[in-house]
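Colleague: Take a look at final.pdb, PDB, C-alpha atoms, pLDDT in the B column:
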```
MODEL        1
ATOM      1  CA  MET A   1      13.753 -43.674   6.358  1.00 64.00           C
ATOM      2  CA  GLN A   2      16.383 -46.070   5.034  1.00 69.00           C
ATOM      3  CA  LYS A   3      14.520 -46.430   1.728  1.00 76.00           C
ATOM      4  CA  LEU A   4      14.406 -42.650   1.314  1.00 79.00           C
ATOM      5  CA  CYS A   5      18.138 -42.374   1.937  1.00 71.00           C
ATOM      6  CA  GLN A   6      18.845 -45.094  -0.626  1.00 78.00           C
ATOM      7  CA  LEU A   7      16.610 -43.442  -3.214  1.00 79.00           C
ATOM      8  CA  ILE A   8      18.176 -40.016  -2.796  1.00 76.00           C
ATOM      9  CA  LYS A   9      21.674 -41.397  -3.051  1.00 72.00           C
ATOM     10  CA  SER A  10      20.910 -43.501  -6.105  1.00 80.00           C
ATOM     11  CA  GLN A  11      18.250 -42.014  -8.332  1.00 87.00           C
ATOM     12  CA  VAL A  12      15.938 -39.227  -7.119  1.00 91.00           C
ATOM     13  CA  ARG A  13      16.017 -36.267  -9.517  1.00 94.00           C
ATOM     14  CA  LEU A  14      12.691 -34.571  -8.830  1.00 97.00           C
ATOM     15  CA  ALA A  15      10.496 -33.589  -5.878  1.00 97.00           C
ATOM     16  CA  LEU A  16       6.865 -32.622  -6.505  1.00 98.00           C
ATOM     17  CA  PHE A  17       4.924 -30.787  -3.802  1.00 98.00           C
ATOM     18  CA  ASP A  18       1.230 -30.392  -3.279  1.00 97.00           C
ATOM     19  CA  MET A  19       0.366 -26.753  -2.560  1.00 94.00           C
ATOM     20  CA  ASP A  20      -2.416 -26.373   0.026  1.00 93.00           C
ATOM     21  CA  GLY A  21      -1.345 -27.613   3.438  1.00 94.00           C
ATOM     22  CA  VAL A  22       2.150 -28.366   2.139  1.00 97.00           C
ATOM     23  CA  LEU A  23       3.535 -25.080   0.842  1.00 97.00           C
ATOM     24  CA  TYR A  24       0.896 -22.798   2.342  1.00 95.00           C
ATOM     25  CA  ASP A  25      -0.995 -23.171   5.614  1.00 95.00           C
ATOM     26  CA  SER A  26      -4.136 -22.537   3.607  1.00 92.00           C
ATOM     27  CA  MET A  27      -6.440 -25.426   4.444  1.00 92.00           C
ATOM     28  CA  PRO A  28      -8.279 -23.744   7.357  1.00 93.00           C
ATOM     29  CA  ASN A  29      -9.136 -20.884   4.984  1.00 93.00           C
ATOM     30  CA  HIS A  30     -10.218 -23.297   2.254  1.00 92.00           C
ATOM     31  CA  ALA A  31     -12.388 -25.285   4.669  1.00 93.00           C
ATOM     32  CA  ARG A  32     -14.139 -22.134   5.845  1.00 95.00           C
ATOM     33  CA  ALA A  33     -14.611 -20.859   2.274  1.00 95.00           C
ATOM     34  CA  TRP A  34     -16.034 -24.189   1.130  1.00 95.00           C
ATOM     35  CA  HIS A  35     -18.526 -24.260   3.986  1.00 95.00           C
ATOM     36  CA  GLU A  36     -19.661 -20.650   3.545  1.00 96.00           C
ATOM     37  CA  SER A  37     -19.915 -20.664  -0.248  1.00 97.00           C
ATOM     38  CA  MET A  38     -21.651 -24.019  -0.580  1.00 97.00           C
ATOM     39  CA  SER A  39     -24.144 -23.052   2.127  1.00 96.00           C
ATOM     40  CA  SER A  40     -25.242 -20.159  -0.078  1.00 96.00           C
ATOM     41  CA  TYR A  41     -26.297 -22.729  -2.703  1.00 96.00           C
ATOM     42  CA  GLY A  42     -28.068 -24.968  -0.197  1.00 96.00           C
ATOM     43  CA  ILE A  43     -25.271 -27.529  -0.085  1.00 96.00           C
ATOM     44  CA  ASN A  44     -23.947 -28.706   3.259  1.00 95.00           C
ATOM     45  CA  MET A  45     -20.164 -29.122   3.314  1.00 94.00           C
ATOM     46  CA  THR A  46     -18.533 -29.363   6.701  1.00 89.00           C
ATOM     47  CA  GLU A  47     -14.983 -28.181   7.251  1.00 83.00           C
ATOM     48  CA  GLN A  48     -13.998 -31.806   8.000  1.00 83.00           C
ATOM     49  CA  GLU A  49     -15.317 -32.832   4.555  1.00 87.00           C
ATOM     50  CA  ALA A  50     -13.169 -30.119   2.983  1.00 89.00           C
ATOM     51  CA  TYR A  51     -10.078 -31.830   4.384  1.00 86.00           C
ATOM     52  CA  ALA A  52     -11.289 -35.262   3.289  1.00 85.00           C
ATOM     53  CA  CYS A  53     -11.701 -34.209  -0.366  1.00 89.00           C
ATOM     54  CA  GLU A  54      -8.580 -32.023  -0.409  1.00 88.00           C
ATOM     55  CA  GLY A  55      -6.620 -32.450  -3.618  1.00 85.00           C
ATOM     56  CA  MET A  56      -9.578 -32.966  -5.962  1.00 89.00           C
ATOM     57  CA  ARG A  57     -10.344 -30.399  -8.637  1.00 88.00           C
ATOM     58  CA  GLY A  58     -12.853 -27.942  -7.225  1.00 90.00           C
ATOM     59  CA  VAL A  59     -15.413 -28.517  -9.987  1.00 92.00           C
ATOM     60  CA  GLU A  60     -15.258 -32.257  -9.364  1.00 92.00           C
ATOM     61  CA  VAL A  61     -15.880 -31.725  -5.649  1.00 94.00           C
ATOM     62  CA  ILE A  62     -18.936 -29.585  -6.420  1.00 96.00           C
ATOM     63  CA  MET A  63     -20.345 -32.009  -8.978  1.00 96.00           C
ATOM     64  CA  GLU A  64     -20.035 -34.854  -6.465  1.00 95.00           C
ATOM     65  CA  LEU A  65     -21.704 -32.801  -3.722  1.00 95.00           C
ATOM     66  CA  ALA A  66     -24.598 -31.939  -6.049  1.00 96.00           C
ATOM     67  CA  ARG A  67     -24.921 -35.580  -7.060  1.00 96.00           C
ATOM     68  CA  ARG A  68     -25.153 -36.694  -3.425  1.00 95.00           C
ATOM     69  CA  GLN A  69     -27.284 -33.909  -1.981  1.00 96.00           C
ATOM     70  CA  TRP A  70     -29.426 -32.803  -4.921  1.00 96.00           C
ATOM     71  CA  GLY A  71     -29.742 -36.226  -6.510  1.00 95.00           C
ATOM     72  CA  ARG A  72     -28.921 -34.947  -9.975  1.00 94.00           C
ATOM     73  CA  GLU A  73     -26.017 -34.216 -12.263  1.00 96.00           C
ATOM     74  CA  ILE A  74     -24.975 -30.614 -12.824  1.00 96.00           C
ATOM     75  CA  THR A  75     -22.967 -29.345 -15.767  1.00 95.00           C
ATOM     76  CA  GLU A  76     -19.336 -28.389 -15.529  1.00 92.00           C
ATOM     77  CA  SER A  77     -20.286 -24.787 -16.305  1.00 95.00           C
ATOM     78  CA  GLU A  78     -22.661 -24.768 -13.310  1.00 96.00           C
ATOM     79  CA  ALA A  79     -19.900 -26.183 -11.139  1.00 96.00           C
ATOM     80  CA  GLU A  80     -17.453 -23.570 -12.442  1.00 94.00           C
ATOM     81  CA  GLU A  81     -19.863 -20.801 -11.429  1.00 96.00           C
ATOM     82  CA  MET A  82     -20.133 -22.251  -7.931  1.00 97.00           C
ATOM     83  CA  TYR A  83     -16.369 -22.659  -7.729  1.00 93.00           C
ATOM     84  CA  ARG A  84     -15.958 -18.979  -8.544  1.00 94.00           C
ATOM     85  CA  ALA A  85     -18.119 -18.224  -5.502  1.00 96.00           C
ATOM     86  CA  LYS A  86     -15.895 -20.447  -3.412  1.00 95.00           C
ATOM     87  CA  SER A  87     -12.786 -18.698  -4.778  1.00 91.00           C
ATOM     88  CA  ALA A  88     -14.251 -15.297  -3.907  1.00 94.00           C
ATOM     89  CA  ALA A  89     -15.020 -16.468  -0.363  1.00 95.00           C
ATOM     90  CA  TYR A  90     -11.468 -17.755  -0.031  1.00 92.00           C
ATOM     91  CA  ALA A  91      -9.916 -14.517  -1.303  1.00 90.00           C
ATOM     92  CA  ALA A  92     -11.997 -12.482   1.167  1.00 94.00           C
ATOM     93  CA  ILE A  93     -10.482 -14.343   4.126  1.00 92.00           C
ATOM     94  CA  GLY A  94      -6.938 -13.140   3.426  1.00 88.00           C
ATOM     95  CA  ALA A  95      -3.596 -14.614   2.435  1.00 87.00           C
ATOM     96  CA  PRO A  96      -2.253 -17.670   4.293  1.00 91.00           C
ATOM     97  CA  THR A  97       1.272 -18.021   5.642  1.00 94.00           C
ATOM     98  CA  PHE A  98       3.868 -20.627   4.664  1.00 96.00           C
ATOM     99  CA  VAL A  99       3.714 -24.043   6.271  1.00 97.00           C
ATOM    100  CA  PRO A 100       6.396 -23.833   9.001  1.00 97.00           C
ATOM    101  CA  GLY A 101       9.704 -25.286   7.853  1.00 98.00           C
ATOM    102  CA  ILE A 102       8.899 -25.544   4.138  1.00 98.00           C
ATOM    103  CA  LEU A 103      11.746 -23.251   3.082  1.00 97.00           C
ATOM    104  CA  ASP A 104      14.230 -25.462   4.948  1.00 97.00           C
ATOM    105  CA  VAL A 105      12.873 -28.516   3.108  1.00 97.00           C
ATOM    106  CA  HIS A 106      13.411 -26.765  -0.222  1.00 97.00           C
ATOM    107  CA  ALA A 107      16.930 -25.737   0.756  1.00 96.00           C
ATOM    108  CA  ALA A 108      17.749 -29.347   1.705  1.00 95.00           C
ATOM    109  CA  LEU A 109      16.468 -30.659  -1.619  1.00 95.00           C
ATOM    110  CA  ARG A 110      18.386 -28.052  -3.584  1.00 94.00           C
ATOM    111  CA  SER A 111      21.570 -28.967  -1.706  1.00 93.00           C
ATOM    112  CA  LEU A 112      21.036 -32.534  -2.909  1.00 92.00           C
ATOM    113  CA  GLY A 113      20.657 -31.399  -6.537  1.00 93.00           C
ATOM    114  CA  ILE A 114      16.964 -32.289  -6.694  1.00 95.00           C
ATOM    115  CA  HIS A 115      14.615 -30.211  -8.856  1.00 96.00           C
ATOM    116  CA  ILE A 116      11.384 -28.947  -7.298  1.00 97.00           C
ATOM    117  CA  GLY A 117       7.903 -28.533  -8.772  1.00 97.00           C
ATOM    118  CA  VAL A 118       4.289 -28.108  -7.660  1.00 97.00           C
ATOM    119  CA  VAL A 119       1.311 -30.329  -8.482  1.00 97.00           C
ATOM    120  CA  THR A 120      -1.962 -29.032  -7.070  1.00 93.00           C
ATOM    121  CA  GLY A 121      -5.624 -29.817  -7.524  1.00 87.00           C
ATOM    122  CA  SER A 122      -6.357 -26.156  -6.905  1.00 84.00           C
ATOM    123  CA  GLY A 123      -7.392 -23.612  -9.470  1.00 76.00           C
ATOM    124  CA  GLN A 124      -7.191 -20.871  -6.859  1.00 71.00           C
ATOM    125  CA  LYS A 125      -5.667 -17.951  -8.771  1.00 77.00           C
ATOM    126  CA  THR A 126      -4.824 -15.995  -5.619  1.00 73.00           C
ATOM    127  CA  LEU A 127      -2.409 -18.735  -4.556  1.00 76.00           C
ATOM    128  CA  LEU A 128      -1.169 -19.907  -7.939  1.00 81.00           C
ATOM    129  CA  SER A 129      -0.106 -16.371  -8.803  1.00 81.00           C
ATOM    130  CA  ARG A 130       1.968 -16.208  -5.619  1.00 88.00           C
ATOM    131  CA  LEU A 131       4.041 -19.327  -6.262  1.00 90.00           C
ATOM    132  CA  ALA A 132       6.662 -17.709  -8.479  1.00 85.00           C
ATOM    133  CA  SER A 133       7.205 -14.755  -6.163  1.00 87.00           C
ATOM    134  CA  ASP A 134       7.150 -16.793  -2.947  1.00 93.00           C
ATOM    135  CA  PHE A 135       9.169 -19.792  -4.126  1.00 92.00           C
ATOM    136  CA  GLY A 136      10.842 -18.536  -7.305  1.00 84.00           C
ATOM    137  CA  ASP A 137      14.334 -19.144  -5.955  1.00 86.00           C
ATOM    138  CA  THR A 138      13.677 -22.851  -5.438  1.00 93.00           C
ATOM    139  CA  LEU A 139      11.071 -23.967  -7.985  1.00 93.00           C
ATOM    140  CA  THR A 140      12.157 -25.127 -11.411  1.00 92.00           C
ATOM    141  CA  PRO A 141      10.754 -22.297 -13.588  1.00 89.00           C
ATOM    142  CA  GLY A 142       7.414 -23.264 -15.105  1.00 91.00           C
ATOM    143  CA  LEU A 143       7.111 -26.542 -13.223  1.00 95.00           C
ATOM    144  CA  ILE A 144       3.589 -26.044 -11.892  1.00 94.00           C
ATOM    145  CA  VAL A 145       0.623 -28.313 -12.647  1.00 95.00           C
ATOM    146  CA  SER A 146      -2.783 -27.061 -11.510  1.00 92.00           C
ATOM    147  CA  ALA A 147      -6.409 -28.110 -11.879  1.00 86.00           C
ATOM    148  CA  ARG A 148      -6.467 -26.330 -15.232  1.00 87.00           C
ATOM    149  CA  ASP A 149      -3.774 -28.602 -16.707  1.00 91.00           C
ATOM    150  CA  VAL A 150      -5.504 -31.988 -16.406  1.00 91.00           C
ATOM    151  CA  SER A 151      -8.913 -33.435 -17.214  1.00 88.00           C
ATOM    152  CA  HIS A 152      -8.785 -35.946 -14.354  1.00 91.00           C
ATOM    153  CA  GLY A 153      -7.569 -34.586 -11.039  1.00 91.00           C
ATOM    154  CA  LYS A 154      -6.420 -36.331  -7.888  1.00 95.00           C
ATOM    155  CA  PRO A 155      -6.920 -39.111  -6.828  1.00 95.00           C
ATOM    156  CA  ALA A 156      -6.225 -40.159 -10.444  1.00 96.00           C
ATOM    157  CA  PRO A 157      -2.487 -40.378 -11.186  1.00 98.00           C
ATOM    158  CA  ASP A 158      -2.758 -37.897 -14.060  1.00 97.00           C
ATOM    159  CA  PRO A 159      -1.617 -34.739 -12.209  1.00 97.00           C
ATOM    160  CA  TYR A 160       1.628 -36.280 -10.956  1.00 98.00           C
ATOM    161  CA  LEU A 161       2.321 -38.021 -14.249  1.00 98.00           C
ATOM    162  CA  GLN A 162       1.825 -34.662 -15.958  1.00 97.00           C
ATOM    163  CA  GLY A 163       4.251 -33.080 -13.495  1.00 98.00           C
ATOM    164  CA  ILE A 164       6.880 -35.686 -14.288  1.00 98.00           C
ATOM    165  CA  ARG A 165       6.398 -35.257 -18.041  1.00 97.00           C
ATOM    166  CA  LYS A 166       6.565 -31.481 -17.722  1.00 97.00           C
ATOM    167  CA  ALA A 167       9.757 -31.691 -15.669  1.00 97.00           C
ATOM    168  CA  GLY A 168      11.362 -33.816 -18.380  1.00 97.00           C
ATOM    169  CA  GLN A 169      10.404 -31.302 -21.052  1.00 97.00           C
ATOM    170  CA  LEU A 170      11.670 -28.318 -19.061  1.00 95.00           C
ATOM    171  CA  LEU A 171      14.931 -29.999 -18.088  1.00 94.00           C
ATOM    172  CA  GLY A 172      15.529 -31.603 -21.468  1.00 95.00           C
ATOM    173  CA  LYS A 173      15.903 -35.127 -20.112  1.00 93.00           C
ATOM    174  CA  GLU A 174      13.592 -38.000 -19.293  1.00 94.00           C
ATOM    175  CA  ILE A 175      12.514 -38.323 -15.671  1.00 96.00           C
ATOM    176  CA  LEU A 176      10.763 -41.458 -14.452  1.00 96.00           C
ATOM    177  CA  PRO A 177       8.242 -41.883 -11.617  1.00 97.00           C
ATOM    178  CA  GLU A 178      10.757 -43.965  -9.679  1.00 94.00           C
ATOM    179  CA  GLN A 179      13.134 -40.986  -9.784  1.00 96.00           C
ATOM    180  CA  THR A 180      10.491 -38.771  -8.195  1.00 97.00           C
ATOM    181  CA  ILE A 181       9.465 -38.156  -4.614  1.00 97.00           C
ATOM    182  CA  VAL A 182       6.152 -36.525  -3.751  1.00 98.00           C
ATOM    183  CA  ILE A 183       5.326 -34.533  -0.618  1.00 98.00           C
ATOM    184  CA  GLU A 184       1.612 -34.567   0.186  1.00 97.00           C
ATOM    185  CA  ASN A 185      -0.674 -33.942   3.139  1.00 96.00           C
ATOM    186  CA  ALA A 186      -4.014 -35.276   1.880  1.00 94.00           C
ATOM    187  CA  PRO A 187      -5.268 -38.853   1.466  1.00 95.00           C
ATOM    188  CA  LEU A 188      -6.481 -38.316  -2.113  1.00 95.00           C
ATOM    189  CA  GLY A 189      -3.181 -36.680  -3.038  1.00 96.00           C
ATOM    190  CA  VAL A 190      -1.252 -39.594  -1.566  1.00 97.00           C
ATOM    191  CA  ARG A 191      -3.394 -42.010  -3.573  1.00 97.00           C
ATOM    192  CA  SER A 192      -2.695 -40.032  -6.737  1.00 98.00           C
ATOM    193  CA  ALA A 193       1.068 -39.981  -6.219  1.00 98.00           C
ATOM    194  CA  VAL A 194       1.266 -43.665  -5.296  1.00 98.00           C
ATOM    195  CA  ALA A 195      -0.772 -44.572  -8.392  1.00 98.00           C
ATOM    196  CA  ALA A 196       1.703 -42.560 -10.475  1.00 98.00           C
ATOM    197  CA  GLY A 197       4.536 -44.739  -9.128  1.00 98.00           C
ATOM    198  CA  CYS A 198       6.246 -42.108  -6.971  1.00 97.00           C
ATOM    199  CA  PHE A 199       7.841 -42.521  -3.546  1.00 96.00           C
ATOM    200  CA  THR A 200       5.274 -40.618  -1.501  1.00 97.00           C
ATOM    201  CA  ILE A 201       5.913 -38.837   1.785  1.00 97.00           C
ATOM    202  CA  ALA A 202       2.908 -37.611   3.761  1.00 98.00           C
ATOM    203  CA  VAL A 203       3.424 -34.699   6.142  1.00 98.00           C
ATOM    204  CA  ASN A 204       0.322 -34.559   8.315  1.00 96.00           C
ATOM    205  CA  THR A 205      -0.374 -30.842   8.657  1.00 94.00           C
ATOM    206  CA  GLY A 206      -4.145 -31.250   9.065  1.00 90.00           C
ATOM    207  CA  PRO A 207      -6.698 -32.790  11.459  1.00 89.00           C
ATOM    208  CA  LEU A 208      -6.992 -36.222   9.826  1.00 89.00           C
ATOM    209  CA  PRO A 209      -5.370 -39.214  11.573  1.00 93.00           C
ATOM    210  CA  ASP A 210      -2.052 -40.550  10.297  1.00 96.00           C
ATOM    211  CA  GLU A 211      -3.788 -43.794   9.363  1.00 96.00           C
ATOM    212  CA  ALA A 212      -5.863 -41.956   6.742  1.00 94.00           C
ATOM    213  CA  LEU A 213      -2.603 -41.167   4.938  1.00 96.00           C
ATOM    214  CA  ARG A 214      -0.872 -44.452   5.629  1.00 97.00           C
ATOM    215  CA  LYS A 215      -3.716 -46.574   4.257  1.00 97.00           C
ATOM    216  CA  GLU A 216      -3.486 -44.743   0.910  1.00 97.00           C
ATOM    217  CA  GLY A 217       0.054 -46.023   0.512  1.00 97.00           C
ATOM    218  CA  ALA A 218       2.308 -43.296   1.901  1.00 97.00           C
ATOM    219  CA  ALA A 219       5.816 -44.696   2.300  1.00 95.00           C
ATOM    220  CA  MET A 220       6.427 -42.334   5.229  1.00 96.00           C
ATOM    221  CA  VAL A 221       4.088 -40.303   7.448  1.00 97.00           C
ATOM    222  CA  LEU A 222       5.788 -37.424   9.262  1.00 97.00           C
ATOM    223  CA  PRO A 223       4.387 -34.891  11.741  1.00 97.00           C
ATOM    224  CA  ASP A 224       5.963 -31.730  10.318  1.00 97.00           C
ATOM    225  CA  MET A 225       8.427 -30.240   7.838  1.00 97.00           C
ATOM    226  CA  LYS A 226      11.223 -30.167  10.404  1.00 97.00           C
ATOM    227  CA  SER A 227      11.110 -33.966  10.462  1.00 96.00           C
ATOM    228  CA  LEU A 228      11.246 -34.068   6.672  1.00 96.00           C
ATOM    229  CA  THR A 229      14.286 -31.770   6.549  1.00 96.00           C
ATOM    230  CA  ALA A 230      16.057 -33.997   9.058  1.00 94.00           C
ATOM    231  CA  ALA A 231      15.247 -37.084   6.975  1.00 91.00           C
ATOM    232  CA  LEU A 232      16.563 -35.476   3.798  1.00 92.00           C
ATOM    233  CA  LEU A 233      19.773 -34.235   5.370  1.00 88.00           C
ATOM    234  CA  SER A 234      20.482 -37.671   6.829  1.00 86.00           C
ATOM    235  CA  ALA A 235      20.624 -39.152   3.321  1.00 72.00           C
TER
ENDMDL
END
```
Please express what this file holds, its structure, as structure tokens.

Modeller:
Amino acid sequence: MQKLCQLIKSQVRLALFDMDGVLYDSMPNHARAWHESMSSYGINMTEQEAYACEGMRGVEVIMELARRQWGREITESEAEEMYRAKSAAYAAIGAPTFVPGILDVHAALRSLGIHIGVVTGSGQKTLLSRLASDFGDTLTPGLIVSARDVSHGKPAPDPYLQGIRKAGQLLGKEILPEQTIVIENAPLGVRSAVAAGCFTIAVNTGPLPDEALRKEGAAMVLPDMKSLTAALLSA
């Protein structure tokens, strides 16, 4: 907590948020859609596994599942077709709500003069298209990095490094990883942000144990967004 306060007072200029499970309470829907859609192809993916691989690009998840369960490589175009089936299953479930307290977190960051962006491993159009309308008053316009913007998704550092570069371009000034905080909820997302050199806060909104986030290098592990708002406002 003390380190976060020191960073905010001295140098933090940017906050990058994951989307699923951080902005939207969407992971239960994703887990169900993954299980149902992959079953139709003869691939077994439990809902628990969906949480464990959260943050990866969907096509990469599917290619890894095929590698493990079918014992062969599939092409990216095959994986894209399967991901479209997953996206359709997700859309059929219905729209998720906000993660409780996320708007208060954004308000706290804005009061501190910190710019806000989104870095997600998702290519889920139904959610990506909602970001501007749902969070347009708080997001830096255009500061969204999705699965379609990088070749190597989380847990590689590329998505968060791309978010930092994009923020610098949009704001017209250089922003460094050490001036950036990341809010994540998934182990692979935490690993990605830590590898990018960002101060990484994990808010555990899912069923995985805190240790799964802590062992990936999260500087803080919090139980909910209310706790994060309190930490920010104490800076």

Colleague: Neighbours of segment 94-99 of chain A within 8 Å (only C-alpha atoms; same-chain residues fewer than 2 positions away dropped), as a list of chain:residue names?

Modeller: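 Result of the neighbour search: A:Gly21, A:Val22, A:Leu23, A:Tyr24, A:Asp25, A:Ser26, A:Asn29, A:Tyr90, A:Ala91, A:Ala92, A:Gly101, A:Ile102, A:Met225.
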
Colleague: Just write the chosen residues, C-alpha atoms, as an mmCIF file, keeping the file's coordinate frame.

Modeller:
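Written file, selection.cif:
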```cif
data_model
loop_
_atom_site.group_PDB
_atom_site.id
_atom_site.type_symbol
_atom_site.label_atom_id
_atom_site.label_comp_id
_atom_site.auth_asym_id
_atom_site.auth_seq_id
_atom_site.Cartn_x
_atom_site.Cartn_y
_atom_site.Cartn_z
ATOM 1 C CA GLY A 21 -1.345 -27.613 3.438
ATOM 2 C CA VAL A 22 2.150 -28.366 2.139
ATOM 3 C CA LEU A 23 3.535 -25.080 0.842
ATOM 4 C CA TYR A 24 0.896 -22.798 2.342
ATOM 5 C CA ASP A 25 -0.995 -23.171 5.614
ATOM 6 C CA SER A 26 -4.136 -22.537 3.607
ATOM 7 C CA ASN A 29 -9.136 -20.884 4.984
ATOM 8 C CA TYR A 90 -11.468 -17.755 -0.031
ATOM 9 C CA ALA A 91 -9.916 -14.517 -1.303
ATOM 10 C CA ALA A 92 -11.997 -12.482 1.167
ATOM 11 C CA GLY A 101 9.704 -25.286 7.853
ATOM 12 C CA ILE A 102 8.899 -25.544 4.138
ATOM 13 C CA MET A 225 8.427 -30.240 7.838
#
```

Colleague: Find, counting all atoms listed in the file, the residue in A:Pro100, A:Gly168, A:Pro177, A:Gly71 that gets nearest to Ala193 of chain A.

Modeller: A:Pro177

Colleague: Report the residues retrieved by the PyMOL selection byres ((chain A and resi 233) around 12) from the displayed file, expressed as a list in words.

Modeller: Met1, Leu4, Cys5, Ile8, Lys9, Asp104, Val105, His106, Ala107, Ala108, Leu109, Arg110, Ser111, Leu112, Lys226, Ser227, Leu228, Thr229, Ala230, Ala231, Leu232, Ser234 and Ala235 of chain A

Colleague: What does the distance between atom CA of Ser192 of chain A and atom CA of Arg72 of chain A come to in Å, to one decimal place?

Modeller: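 Between atom CA of Ser192 of chain A and atom CA of Arg72 of chain A the gap is 26.9 Å.
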
Colleague: Please provide the set of residues having any atom within 9 Å of Asp20 of chain A, restricted to all atoms listed in the file, with same-chain residues fewer than 5 positions apart removed, written as number ranges by chain.

Modeller: A: 25-27, 30, 54-55, 120-122, 127, 185

Colleague: Evaluate the PyMOL selection byres ((chain A and resi 45-50) around 12) here and jot the selected residues down as an NGL selection string.

Modeller: :A and (20 or 26-44 or 51-58 or 61-62 or 64-66 or 68-69 or 86 or 186-188 or 206-209)

Colleague: If we count only C-alpha atoms and set the cut-off at 9 Å, which residues sit around Phe17 of chain A, ignoring sequence neighbours fewer than 5 positions away in its own chain? Please answer as a list in words.

Modeller: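 My reading of the contact set: Val22, Leu23, Ile116, Gly117, Val118, Val119, Thr120, Ile181, Val182, Ile183 and Glu184 of chain A.
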
Colleague: Quick one: pull the distance between atom CA of Thr180 of chain A and atom CA of Asp224 of chain A, Å, one decimal.

Modeller: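 Rounded to one decimal, the two atoms are 20.3 Å apart.
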
Colleague: Excluding Ile144 of chain A and residues on its chain fewer than 5 positions from it, collect all residues at most 12 Å away from it, counting only C-alpha atoms, and give them as a compact mmCIF listing (two decimals) with C-alpha atoms, in the frame of the given file.

Modeller:
```txt
# COMPACT_ATOMS: atom_id res chain seq x y z
CA ALA A 15 10.50 -33.59 -5.88
CA LEU A 16 6.86 -32.62 -6.50
CA PHE A 17 4.92 -30.79 -3.80
CA ASP A 18 1.23 -30.39 -3.28
CA MET A 19 0.37 -26.75 -2.56
CA ILE A 116 11.38 -28.95 -7.30
CA GLY A 117 7.90 -28.53 -8.77
CA VAL A 118 4.29 -28.11 -7.66
CA VAL A 119 1.31 -30.33 -8.48
CA THR A 120 -1.96 -29.03 -7.07
CA GLY A 121 -5.62 -29.82 -7.52
CA SER A 122 -6.36 -26.16 -6.90
CA GLY A 123 -7.39 -23.61 -9.47
CA LEU A 127 -2.41 -18.74 -4.56
CA LEU A 128 -1.17 -19.91 -7.94
CA SER A 129 -0.11 -16.37 -8.80
CA ARG A 130 1.97 -16.21 -5.62
CA LEU A 131 4.04 -19.33 -6.26
CA ALA A 132 6.66 -17.71 -8.48
CA PHE A 135 9.17 -19.79 -4.13
CA GLY A 136 10.84 -18.54 -7.30
CA LEU A 139 11.07 -23.97 -7.98
CA ASP A 149 -3.77 -28.60 -16.71
CA VAL A 150 -5.50 -31.99 -16.41
CA PRO A 159 -1.62 -34.74 -12.21
CA TYR A 160 1.63 -36.28 -10.96
CA GLN A 162 1.82 -34.66 -15.96
CA GLY A 163 4.25 -33.08 -13.50
CA ILE A 164 6.88 -35.69 -14.29
CA ARG A 165 6.40 -35.26 -18.04
CA LYS A 166 6.56 -31.48 -17.72
CA ALA A 167 9.76 -31.69 -15.67
CA LEU A 170 11.67 -28.32 -19.06
```

Colleague: Using all atoms listed in the file, can you tell me which of A:Gln124, A:Gly142, A:Gln11, A:Glu80 comes closest to Gln169 of chain A?

Modeller: A:Gly142

Colleague: Atom CA of Leu176 of chain A and atom CA of Ala196 of chain A, how far apart in Å?

Modeller: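 Atom-to-atom, atom CA of Ala196 of chain A and atom CA of Leu176 of chain A are spaced 10.0 Å apart.
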
Colleague: So which one's closest to Ile201 of chain A, A:Val221, A:Lys215, A:Gly189, A:Leu7? Using only C-alpha atoms, please.

Modeller: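 For Ile201 of chain A, the nearest of the given residues is A:Val221.
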
Colleague: Could you check which of A:Ala89, A:Ser10, A:Met220, A:Glu73 is closest to Asn204 of chain A, using all atoms listed in the file?

Modeller: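 The answer is A:Met220, which sits nearest to Asn204 of chain A.
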
Colleague: With distances taken over only C-alpha atoms, which residue among A:Met63, A:Leu143, A:Ala218, A:Ile74 lies nearest His115 of chain A?

Modeller: A:Leu143

Colleague: N, CA, C and O atoms are what I want for segment 49-54 of chain A; can you complete it accordingly and write them as a PDB file, in the frame of the given file?

Modeller:
```
ATOM      1  N   GLU A  49     -15.192 -32.293   5.913  1.00 87.00           N
ATOM      2  CA  GLU A  49     -15.317 -32.832   4.555  1.00 87.00           C
ATOM      3  C   GLU A  49     -14.359 -32.132   3.602  1.00 87.00           C
ATOM      4  O   GLU A  49     -13.853 -32.747   2.658  1.00 87.00           O
ATOM      5  N   ALA A  50     -14.105 -30.848   3.838  1.00 89.00           N
ATOM      6  CA  ALA A  50     -13.169 -30.119   2.983  1.00 89.00           C
ATOM      7  C   ALA A  50     -11.780 -30.737   3.060  1.00 89.00           C
ATOM      8  O   ALA A  50     -11.071 -30.838   2.051  1.00 89.00           O
ATOM      9  N   TYR A  51     -11.376 -31.167   4.241  1.00 86.00           N
ATOM     10  CA  TYR A  51     -10.078 -31.830   4.384  1.00 86.00           C
ATOM     11  C   TYR A  51     -10.087 -33.203   3.720  1.00 86.00           C
ATOM     12  O   TYR A  51      -9.100 -33.620   3.113  1.00 86.00           O
ATOM     13  N   ALA A  52     -11.209 -33.904   3.836  1.00 85.00           N
ATOM     14  CA  ALA A  52     -11.289 -35.262   3.289  1.00 85.00           C
ATOM     15  C   ALA A  52     -11.200 -35.273   1.772  1.00 85.00           C
ATOM     16  O   ALA A  52     -10.664 -36.215   1.177  1.00 85.00           O
ATOM     17  N   CYS A  53     -11.734 -34.237   1.100  1.00 89.00           N
ATOM     18  CA  CYS A  53     -11.701 -34.209  -0.366  1.00 89.00           C
ATOM     19  C   CYS A  53     -10.584 -33.312  -0.888  1.00 89.00           C
ATOM     20  O   CYS A  53     -10.518 -33.047  -2.095  1.00 89.00           O
ATOM     21  N   GLU A  54      -9.693 -32.871   0.005  1.00 88.00           N
ATOM     22  CA  GLU A  54      -8.580 -32.023  -0.409  1.00 88.00           C
ATOM     23  C   GLU A  54      -7.770 -32.707  -1.508  1.00 88.00           C
ATOM     24  O   GLU A  54      -7.480 -33.896  -1.441  1.00 88.00           O
TER      25      GLU A  54
END
```
